[in-house]
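Source file final.txt; content: compact mmCIF, N, CA and C atoms.
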# COMPACT_ATOMS: atom_id res chain seq x y z
N MET B 1 11.94 7.67 0.60
CA MET B 1 11.64 6.25 0.50
C MET B 1 11.76 5.86 -0.97
N THR B 2 12.52 4.82 -1.22
CA THR B 2 12.70 4.37 -2.60
C THR B 2 11.54 3.47 -3.02
N THR B 3 11.48 3.20 -4.30
CA THR B 3 10.46 2.28 -4.82
C THR B 3 10.59 0.91 -4.16
N LEU B 4 11.83 0.44 -4.03
CA LEU B 4 12.05 -0.86 -3.40
C LEU B 4 11.57 -0.85 -1.95
N ASP B 5 11.82 0.23 -1.24
CA ASP B 5 11.34 0.35 0.14
C ASP B 5 9.82 0.25 0.20
N MET B 6 9.16 0.92 -0.73
CA MET B 6 7.69 0.92 -0.74
C MET B 6 7.15 -0.47 -1.05
N ILE B 7 7.73 -1.13 -2.04
CA ILE B 7 7.28 -2.48 -2.40
C ILE B 7 7.52 -3.44 -1.24
N THR B 8 8.69 -3.34 -0.62
CA THR B 8 9.00 -4.21 0.52
C THR B 8 8.03 -3.97 1.67
N ARG B 9 7.74 -2.73 1.95
CA ARG B 9 6.82 -2.40 3.04
C ARG B 9 5.42 -2.92 2.76
N ILE B 10 4.95 -2.77 1.53
CA ILE B 10 3.63 -3.29 1.16
C ILE B 10 3.62 -4.81 1.28
N ASN B 11 4.67 -5.46 0.80
CA ASN B 11 4.76 -6.91 0.88
C ASN B 11 4.76 -7.38 2.34
N ASP B 12 5.53 -6.71 3.17
CA ASP B 12 5.57 -7.06 4.60
C ASP B 12 4.20 -6.88 5.25
N ALA B 13 3.50 -5.82 4.86
CA ALA B 13 2.16 -5.59 5.42
C ALA B 13 1.20 -6.69 5.02
N ILE B 14 1.31 -7.15 3.78
CA ILE B 14 0.45 -8.26 3.33
C ILE B 14 0.77 -9.51 4.14
N ARG B 15 2.04 -9.82 4.25
CA ARG B 15 2.45 -11.05 4.96
C ARG B 15 2.04 -11.03 6.43
N SER B 16 2.12 -9.86 7.05
CA SER B 16 1.80 -9.78 8.48
C SER B 16 0.34 -9.42 8.74
N GLY B 17 -0.40 -9.04 7.68
CA GLY B 17 -1.79 -8.65 7.85
C GLY B 17 -1.93 -7.29 8.51
N ASP B 18 -0.95 -6.42 8.29
CA ASP B 18 -0.89 -5.12 8.97
C ASP B 18 -1.67 -4.05 8.19
N MET B 19 -2.94 -3.94 8.49
CA MET B 19 -3.79 -2.95 7.83
C MET B 19 -3.37 -1.52 8.19
N THR B 20 -2.87 -1.33 9.40
CA THR B 20 -2.43 0.00 9.83
C THR B 20 -1.30 0.50 8.94
N ASP B 21 -0.35 -0.36 8.66
CA ASP B 21 0.77 0.05 7.81
C ASP B 21 0.30 0.35 6.39
N LEU B 22 -0.65 -0.40 5.89
CA LEU B 22 -1.19 -0.12 4.56
C LEU B 22 -1.89 1.23 4.53
N ARG B 23 -2.62 1.54 5.58
CA ARG B 23 -3.28 2.86 5.66
C ARG B 23 -2.24 3.98 5.75
N ASP B 24 -1.18 3.74 6.52
CA ASP B 24 -0.10 4.73 6.61
C ASP B 24 0.56 4.93 5.25
N MET B 25 0.77 3.85 4.54
CA MET B 25 1.37 3.94 3.20
C MET B 25 0.47 4.73 2.26
N GLU B 26 -0.84 4.50 2.36
CA GLU B 26 -1.79 5.23 1.53
C GLU B 26 -1.67 6.74 1.79
N ASN B 27 -1.62 7.12 3.04
CA ASN B 27 -1.47 8.54 3.38
C ASN B 27 -0.14 9.09 2.89
N HIS B 28 0.90 8.31 3.02
CA HIS B 28 2.23 8.73 2.56
C HIS B 28 2.22 8.97 1.05
N VAL B 29 1.63 8.05 0.30
CA VAL B 29 1.59 8.18 -1.17
C VAL B 29 0.78 9.41 -1.57
N ARG B 30 -0.30 9.66 -0.88
CA ARG B 30 -1.12 10.84 -1.20
C ARG B 30 -0.33 12.14 -1.05
N ASP B 31 0.65 12.15 -0.16
CA ASP B 31 1.44 13.35 0.10
C ASP B 31 2.67 13.49 -0.80
N LEU B 32 2.97 12.47 -1.58
CA LEU B 32 4.15 12.54 -2.44
C LEU B 32 3.96 13.53 -3.58
N LEU B 33 5.03 14.18 -3.94
CA LEU B 33 5.01 15.10 -5.07
C LEU B 33 5.40 14.33 -6.33
N ILE B 34 4.44 13.53 -6.81
CA ILE B 34 4.64 12.72 -8.01
C ILE B 34 3.44 12.94 -8.92
N SER B 35 3.55 12.45 -10.14
CA SER B 35 2.46 12.64 -11.09
C SER B 35 1.19 11.95 -10.60
N GLU B 36 0.08 12.43 -11.07
CA GLU B 36 -1.20 11.85 -10.68
C GLU B 36 -1.30 10.39 -11.11
N ASP B 37 -0.77 10.08 -12.30
CA ASP B 37 -0.80 8.69 -12.76
C ASP B 37 0.01 7.78 -11.84
N ALA B 38 1.19 8.25 -11.43
CA ALA B 38 2.03 7.45 -10.52
C ALA B 38 1.33 7.27 -9.17
N ARG B 39 0.74 8.35 -8.68
CA ARG B 39 0.02 8.28 -7.40
C ARG B 39 -1.14 7.29 -7.49
N ASP B 40 -1.90 7.38 -8.58
CA ASP B 40 -3.04 6.46 -8.76
C ASP B 40 -2.58 5.01 -8.83
N THR B 41 -1.44 4.79 -9.46
CA THR B 41 -0.91 3.43 -9.57
C THR B 41 -0.53 2.89 -8.20
N TRP B 42 0.18 3.69 -7.40
CA TRP B 42 0.54 3.26 -6.04
C TRP B 42 -0.70 3.01 -5.19
N LEU B 43 -1.67 3.91 -5.30
CA LEU B 43 -2.89 3.75 -4.50
C LEU B 43 -3.66 2.50 -4.91
N ALA B 44 -3.66 2.18 -6.19
CA ALA B 44 -4.33 0.95 -6.65
C ALA B 44 -3.62 -0.28 -6.09
N LEU B 45 -2.29 -0.25 -6.07
CA LEU B 45 -1.54 -1.37 -5.51
C LEU B 45 -1.84 -1.53 -4.02
N ILE B 46 -1.88 -0.43 -3.31
CA ILE B 46 -2.19 -0.48 -1.87
C ILE B 46 -3.62 -0.96 -1.64
N GLU B 47 -4.56 -0.52 -2.46
CA GLU B 47 -5.94 -0.97 -2.33
C GLU B 47 -6.05 -2.47 -2.57
N THR B 48 -5.37 -2.96 -3.59
CA THR B 48 -5.39 -4.40 -3.87
C THR B 48 -4.76 -5.17 -2.71
N SER B 49 -3.69 -4.65 -2.15
CA SER B 49 -3.04 -5.28 -1.01
C SER B 49 -3.97 -5.33 0.20
N THR B 50 -4.70 -4.25 0.40
CA THR B 50 -5.66 -4.19 1.50
C THR B 50 -6.74 -5.25 1.32
N GLU B 51 -7.19 -5.42 0.10
CA GLU B 51 -8.21 -6.45 -0.17
C GLU B 51 -7.67 -7.84 0.12
N VAL B 52 -6.40 -8.08 -0.21
CA VAL B 52 -5.79 -9.38 0.07
C VAL B 52 -5.76 -9.63 1.58
N VAL B 53 -5.35 -8.63 2.34
CA VAL B 53 -5.29 -8.78 3.80
C VAL B 53 -6.69 -9.02 4.36
N GLU B 54 -7.67 -8.27 3.89
CA GLU B 54 -9.04 -8.46 4.37
C GLU B 54 -9.54 -9.86 4.03
N ARG B 55 -9.24 -10.34 2.85
CA ARG B 55 -9.67 -11.67 2.43
C ARG B 55 -8.99 -12.72 3.31
N ASN B 56 -7.71 -12.54 3.62
CA ASN B 56 -6.99 -13.49 4.46
C ASN B 56 -7.51 -13.48 5.89
N GLU B 57 -7.96 -12.33 6.37
CA GLU B 57 -8.53 -12.26 7.72
C GLU B 57 -9.84 -13.05 7.79
N GLY B 58 -10.51 -13.18 6.66
CA GLY B 58 -11.76 -13.92 6.62
C GLY B 58 -11.55 -15.41 6.53
N GLY B 59 -10.28 -15.83 6.45
CA GLY B 59 -9.98 -17.26 6.42
C GLY B 59 -10.04 -17.87 5.04
N LEU B 60 -10.03 -17.04 4.01
CA LEU B 60 -10.06 -17.59 2.66
C LEU B 60 -8.68 -17.85 2.14
Structure encoded using structure tokens:
Amino acid sequence: MTTLDMITRINDAIRSGDMTDLRDMENHVRDLLISEDARDTWLALIETSTEVVERNEGGL
């Protein structure tokens, strides 16, 4: 999966409110053989995206 694929998938999950896909992405990133800093950055982006979806589900 390329960086563009990951960004597109996260963006699509935000737009559709797909928490399942965000959780799947989180698991996928945890399994990647990348530096800890890169992994932490991806996980932070996914966490922020999850917060956006949760906030949108609350009607804000």
Exercise. Figure out the distance between atom CA of B:Glu51 and atom CA of B:Gly17, please, to one decimal in Å.
Key: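 Distance between the two atoms: 10.5 Å.
Coordinates place atom CA of B:Arg15 at a distance of 23.1 Å from atom CA of B:Arg39.
Take atom CA of B:Ile14 and atom N of B:Val53: the distance between them is 5.9 Å.
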Practice problem: Please give the complete set of residues from stretch 3-60 of chain B that DSSP, run on the backbone, assigns to helix (DSSP H, G or I), formatted as a ChimeraX atom specification. | Solution: /B:3-16,19-31,36-57
Exercise. Please provide the set of residues having any atom within 7 Å of B:Ala13, restricted to all atoms listed in the file, with same-chain residues fewer than 6 positions apart removed, written as a PyMOL selection string.
Key: chain B and resi 19+21-22+53
Produce the centre coordinates and the three edge lengths, each in Å to one decimal, of the box along x, y and z that contains all listed atoms of stretch 48-53 of chain B with 6 Å added on each side, as AutoDock Vina command-line options.
--center_x -5.6 --center_y -6.3 --center_z 0.2 --size_x 17.2 --size_y 18.7 --size_z 20.2
Quiz item: Smallest atom-to-atom distance to B:Glu47: which of B:Ser16, B:Glu26, B:Leu32, B:Met6, using only N, CA and C atoms?
Solution: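 Among B:Ser16, B:Glu26, B:Leu32, B:Met6, it is B:Glu26 that comes nearest to B:Glu47.
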Self-check item: Residue among B:Ile10, B:Ser49, B:Arg55, B:Met1 lying closest to B:Met25, counting only N, CA and C atoms
Solution: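 For B:Met25, the nearest of the given residues is B:Ile10.
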Self-check item: Which residue of B:Arg30, B:Glu57, B:Thr8, B:Thr2 approaches B:Leu43 most closely, using all atoms listed in the file
Solution: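 Ranking B:Arg30, B:Glu57, B:Thr8, B:Thr2 by distance to B:Leu43, first place goes to B:Arg30.
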